[in-house]
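Asks: Supplied in structure tokens, the structure appears directly below.
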Amino acid sequence: MMIFALSKRVPTFNGTRLSYQSLWSPTARALHSSTLRLANHEDPSLNRNEIWKPIPGEPEKVHVQTDKVPGPKSLALLKEMDAIQETRTVNLFWDIQKSKGNYLVDADGNTLLDLIGHIGSLPLGYNHPAMLDAVRSEKWIHHLTQRPALGLAPTSDFPSLLKDTLLRCAPKGCDQVFTSCGCGSSANENAYKAAFIRFRNVQRGTVEFSEEEMSSCMKNEPPGSPDLAILSFEKAFHGRTLGALSTTRSKPVHKMDIPAFHWPVAPFPRLRYPLNEFKDENIKEEG
């Protein structure tokens, strides 16, 4: 997802036609490099053996013992939950204690290889010992039982925590940390706002607001509420919160009945892989 504050004429930015290659920005390359650095454990403080050590009790293979998945216990739980909550997207129920590493154990005892990790939220897999030890520690139990308003009153150890975690793997040149809520939608919402704020600060040449800006924004009118936009791509998914939905274009059910900003959309190339075998076709697709 690339964020631009621009006019509604697309696909240009500051008069320059956008290309998909140009969207691979220096920041994106820096983030990619940082990710690879962590993955390859170039940080001497990371212990490769500890990180990749097999999780005790992790299954060795898939094992399905019911005729169908979901099995009868998951179906019974689905019926029970359907009486009190929306369940149309539920696939199965799983055992939070028995699942280990890359393997999910469902309510019926089926062992399944998990290729989605709860939409990417479990990069270390299920019940990683290091994670369990951390949440059991005296240090972290206080953080887990009291959710602080970090923007108003962070804990006394918060600066050191940021230095030892997020800044430890930050791309070169990035020495500031912004923390928000814990989901992708809220991260995108705040990224959108940061882009708009930065763009307007550059336009006005100051971080001070005029009386006209302050009064007009309370009416959702310019100049306080400027006519800016974010360009997103066809088939993109960026979350289901109100602002993020205006850039989500994956399924109608995500957007139905929700008011949206009239923001531009661009086609996204459907490349064929492996890239080295389809060079001509991909060049044509991106043309």
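Ordering of the structure tokens sets the chain letters (A, B, ...), residue numbers begin anew at 1 in every chain, and ligands are numbered from 1 in the order given.
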Mind the document's chain letters and residue numbers, and return as a short mmCIF file (atom, residue, chain, number, x, y, z; two decimals) with all heavy atoms, in the first residue's frame the residues of segment 30-272 of chain A that DSSP labels strand (DSSP E or B).
Replies:
data_model
loop_
_atom_site.label_atom_id
_atom_site.label_comp_id
_atom_site.auth_asym_id
_atom_site.auth_seq_id
_atom_site.Cartn_x
_atom_site.Cartn_y
_atom_site.Cartn_z
N HIS A 63 -2.47 -34.87 10.82
CA HIS A 63 -3.25 -36.07 11.17
C HIS A 63 -4.73 -35.68 11.28
O HIS A 63 -5.10 -34.87 12.13
CB HIS A 63 -2.78 -36.67 12.49
CG HIS A 63 -3.61 -37.82 12.94
ND1 HIS A 63 -3.62 -39.04 12.29
CD2 HIS A 63 -4.48 -37.95 13.99
CE1 HIS A 63 -4.45 -39.86 12.91
NE2 HIS A 63 -4.99 -39.22 13.95
N TRP A 94 -10.47 -24.26 17.42
CA TRP A 94 -9.19 -24.90 17.66
C TRP A 94 -8.85 -24.91 19.14
O TRP A 94 -9.37 -24.14 19.93
CB TRP A 94 -8.08 -24.22 16.86
CG TRP A 94 -7.87 -22.76 17.16
CD1 TRP A 94 -8.67 -21.72 16.81
CD2 TRP A 94 -6.78 -22.19 17.88
NE1 TRP A 94 -8.15 -20.53 17.25
CE2 TRP A 94 -6.99 -20.78 17.92
CE3 TRP A 94 -5.63 -22.72 18.49
CZ2 TRP A 94 -6.10 -19.90 18.53
CZ3 TRP A 94 -4.75 -21.84 19.10
CH2 TRP A 94 -4.98 -20.45 19.12
N LYS A 100 0.70 -26.34 18.48
CA LYS A 100 2.13 -26.10 18.71
C LYS A 100 2.81 -25.73 17.39
O LYS A 100 2.57 -26.35 16.35
CB LYS A 100 2.83 -27.36 19.25
CG LYS A 100 2.25 -27.92 20.54
CD LYS A 100 2.69 -27.14 21.75
CE LYS A 100 2.21 -27.82 23.03
NZ LYS A 100 2.60 -27.05 24.25
N GLY A 101 3.66 -24.73 17.45
CA GLY A 101 4.47 -24.39 16.28
C GLY A 101 3.63 -24.06 15.06
O GLY A 101 2.76 -23.20 15.09
N TYR A 103 1.55 -26.10 13.66
CA TYR A 103 0.40 -26.99 13.57
C TYR A 103 -0.73 -26.56 14.50
O TYR A 103 -0.54 -26.32 15.69
CB TYR A 103 0.81 -28.42 13.91
CG TYR A 103 1.68 -29.04 12.83
CD1 TYR A 103 3.06 -28.89 12.86
CD2 TYR A 103 1.12 -29.77 11.79
CE1 TYR A 103 3.87 -29.45 11.88
CE2 TYR A 103 1.91 -30.33 10.80
CZ TYR A 103 3.28 -30.16 10.86
OH TYR A 103 4.07 -30.72 9.87
N LEU A 104 -1.91 -26.47 13.91
CA LEU A 104 -3.13 -26.17 14.65
C LEU A 104 -3.85 -27.48 14.95
O LEU A 104 -4.01 -28.32 14.06
CB LEU A 104 -4.01 -25.24 13.82
CG LEU A 104 -5.40 -24.86 14.34
CD1 LEU A 104 -5.76 -23.46 13.88
CD2 LEU A 104 -6.47 -25.85 13.89
N VAL A 105 -4.27 -27.63 16.18
CA VAL A 105 -5.09 -28.78 16.57
C VAL A 105 -6.50 -28.27 16.79
O VAL A 105 -6.72 -27.37 17.62
CB VAL A 105 -4.56 -29.45 17.86
CG1 VAL A 105 -5.47 -30.60 18.26
CG2 VAL A 105 -3.14 -29.95 17.64
N ASP A 106 -7.46 -28.79 16.02
CA ASP A 106 -8.81 -28.26 16.13
C ASP A 106 -9.58 -28.93 17.27
O ASP A 106 -9.06 -29.80 17.98
CB ASP A 106 -9.55 -28.38 14.80
CG ASP A 106 -9.95 -29.80 14.43
OD1 ASP A 106 -9.76 -30.73 15.23
OD2 ASP A 106 -10.47 -29.98 13.31
N THR A 111 -5.00 -32.58 13.54
CA THR A 111 -3.77 -31.80 13.48
C THR A 111 -3.59 -31.29 12.06
O THR A 111 -3.46 -32.07 11.12
CB THR A 111 -2.56 -32.65 13.89
OG1 THR A 111 -2.76 -33.13 15.22
CG2 THR A 111 -1.28 -31.84 13.84
N LEU A 112 -3.59 -29.97 11.90
CA LEU A 112 -3.57 -29.36 10.57
C LEU A 112 -2.36 -28.42 10.45
O LEU A 112 -2.03 -27.70 11.39
CB LEU A 112 -4.86 -28.56 10.34
CG LEU A 112 -6.17 -29.30 10.62
CD1 LEU A 112 -7.34 -28.33 10.54
CD2 LEU A 112 -6.35 -30.46 9.64
N LEU A 113 -1.72 -28.43 9.29
CA LEU A 113 -0.63 -27.51 9.04
C LEU A 113 -1.22 -26.13 8.76
O LEU A 113 -2.01 -25.96 7.82
CB LEU A 113 0.20 -27.98 7.84
CG LEU A 113 1.40 -27.10 7.45
CD1 LEU A 113 2.40 -27.01 8.59
CD2 LEU A 113 2.06 -27.64 6.19
N TYR A 126 2.38 -21.37 17.17
CA TYR A 126 1.58 -21.54 18.38
C TYR A 126 2.43 -21.91 19.59
O TYR A 126 3.34 -22.74 19.50
CB TYR A 126 0.54 -22.65 18.17
CG TYR A 126 -0.51 -22.32 17.13
CD1 TYR A 126 -0.40 -22.84 15.84
CD2 TYR A 126 -1.59 -21.51 17.43
CE1 TYR A 126 -1.36 -22.56 14.87
CE2 TYR A 126 -2.55 -21.22 16.47
CZ TYR A 126 -2.43 -21.74 15.20
OH TYR A 126 -3.37 -21.45 14.24
N ALA A 229 -6.56 12.85 -1.29
CA ALA A 229 -6.98 11.47 -1.56
C ALA A 229 -5.82 10.51 -1.43
O ALA A 229 -4.66 10.89 -1.45
CB ALA A 229 -7.57 11.38 -2.98
N SER A 232 -5.25 3.71 -4.15
CA SER A 232 -5.08 2.29 -3.84
C SER A 232 -5.28 1.48 -5.11
O SER A 232 -5.66 2.02 -6.15
CB SER A 232 -6.05 1.83 -2.74
OG SER A 232 -7.39 1.99 -3.15
N PHE A 233 -5.04 0.18 -5.01
CA PHE A 233 -5.09 -0.68 -6.18
C PHE A 233 -6.32 -1.59 -6.18
O PHE A 233 -6.88 -1.91 -5.13
CB PHE A 233 -3.83 -1.55 -6.25
CG PHE A 233 -2.57 -0.78 -6.49
CD1 PHE A 233 -1.61 -0.67 -5.48
CD2 PHE A 233 -2.34 -0.16 -7.70
CE1 PHE A 233 -0.43 0.04 -5.70
CE2 PHE A 233 -1.16 0.55 -7.92
CZ PHE A 233 -0.21 0.65 -6.92
N VAL A 265 -8.53 4.76 -7.82
CA VAL A 265 -8.06 3.37 -7.83
C VAL A 265 -7.28 3.13 -9.11
O VAL A 265 -7.60 3.69 -10.16
CB VAL A 265 -9.24 2.38 -7.72
CG1 VAL A 265 -10.22 2.56 -8.86
CG2 VAL A 265 -8.75 0.94 -7.63
N ALA A 266 -6.23 2.32 -9.02
CA ALA A 266 -5.41 1.99 -10.18
C ALA A 266 -5.35 0.48 -10.35
O ALA A 266 -5.45 -0.27 -9.38
CB ALA A 266 -4.00 2.55 -10.00
#
Asks: Enumerate, as JSON, numbers by chain, the complete set of residues in segment 51-282 of chain A that a backbone-based DSSP assignment places in helix (DSSP H, G or I).
Replies: {"A": [51, 52, 72, 73, 74, 75, 76, 77, 78, 79, 80, 81, 82, 117, 118, 119, 120, 129, 130, 131, 132, 133, 134, 135, 136, 138, 139, 140, 141, 142, 143, 144, 145, 158, 159, 160, 161, 162, 163, 164, 167, 168, 169, 184, 185, 186, 187, 188, 189, 190, 191, 192, 193, 194, 195, 196, 197, 198, 199, 200, 201, 202, 203, 204, 211, 212, 213, 214, 215, 216, 217, 242, 243, 244, 245, 252, 253, 254, 255, 275, 276, 277, 279, 280, 281, 282]}
Asks: Go ahead and compute the interatomic distance for atom CA of Gly243 of chain A and atom CA of Ser216 of chain A, in Å to one decimal.
Replies: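 Going from atom CA of Gly243 of chain A over to atom CA of Ser216 of chain A covers 20.0 Å.
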Asks: For atom CA of Asp227 of chain A and atom CA of Ile197 of chain A, determine how far apart the two atoms are, in Å to one decimal place.
Replies: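 Atom CA of Ile197 of chain A lies at a distance of 12.6 Å from atom CA of Asp227 of chain A.
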Asks: For Val69 of chain A, list every protein, DNA or RNA residue within 10 Å, evaluated using only C-alpha atoms, and leave out those in the same chain fewer than 6 positions away; present the list as a list in words.
Replies: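 My list of contacting residues is Leu75, Asn91, Leu92, Asp106, Asp108, Asn110 and Leu112 of chain A.
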Asks: Would you compute the distance between atom CA of Leu242 of chain A and atom CA of Val202 of chain A? Give it in Å to one decimal.
Replies: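 Result for atom CA of Leu242 of chain A versus atom CA of Val202 of chain A: 26.2 Å, one decimal.
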Asks: Find the residues near Phe261 of chain A: any atom within 10 Å, counting only C-alpha atoms, skip ones fewer than 3 places away on the same chain, and give them as a list in words.
Replies: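 Non-adjacent residues within range: Leu228, Ala229, Ile230, Leu242, Gly243, Ala244, Leu245, Ser246, Thr247 and Pro264 of chain A.
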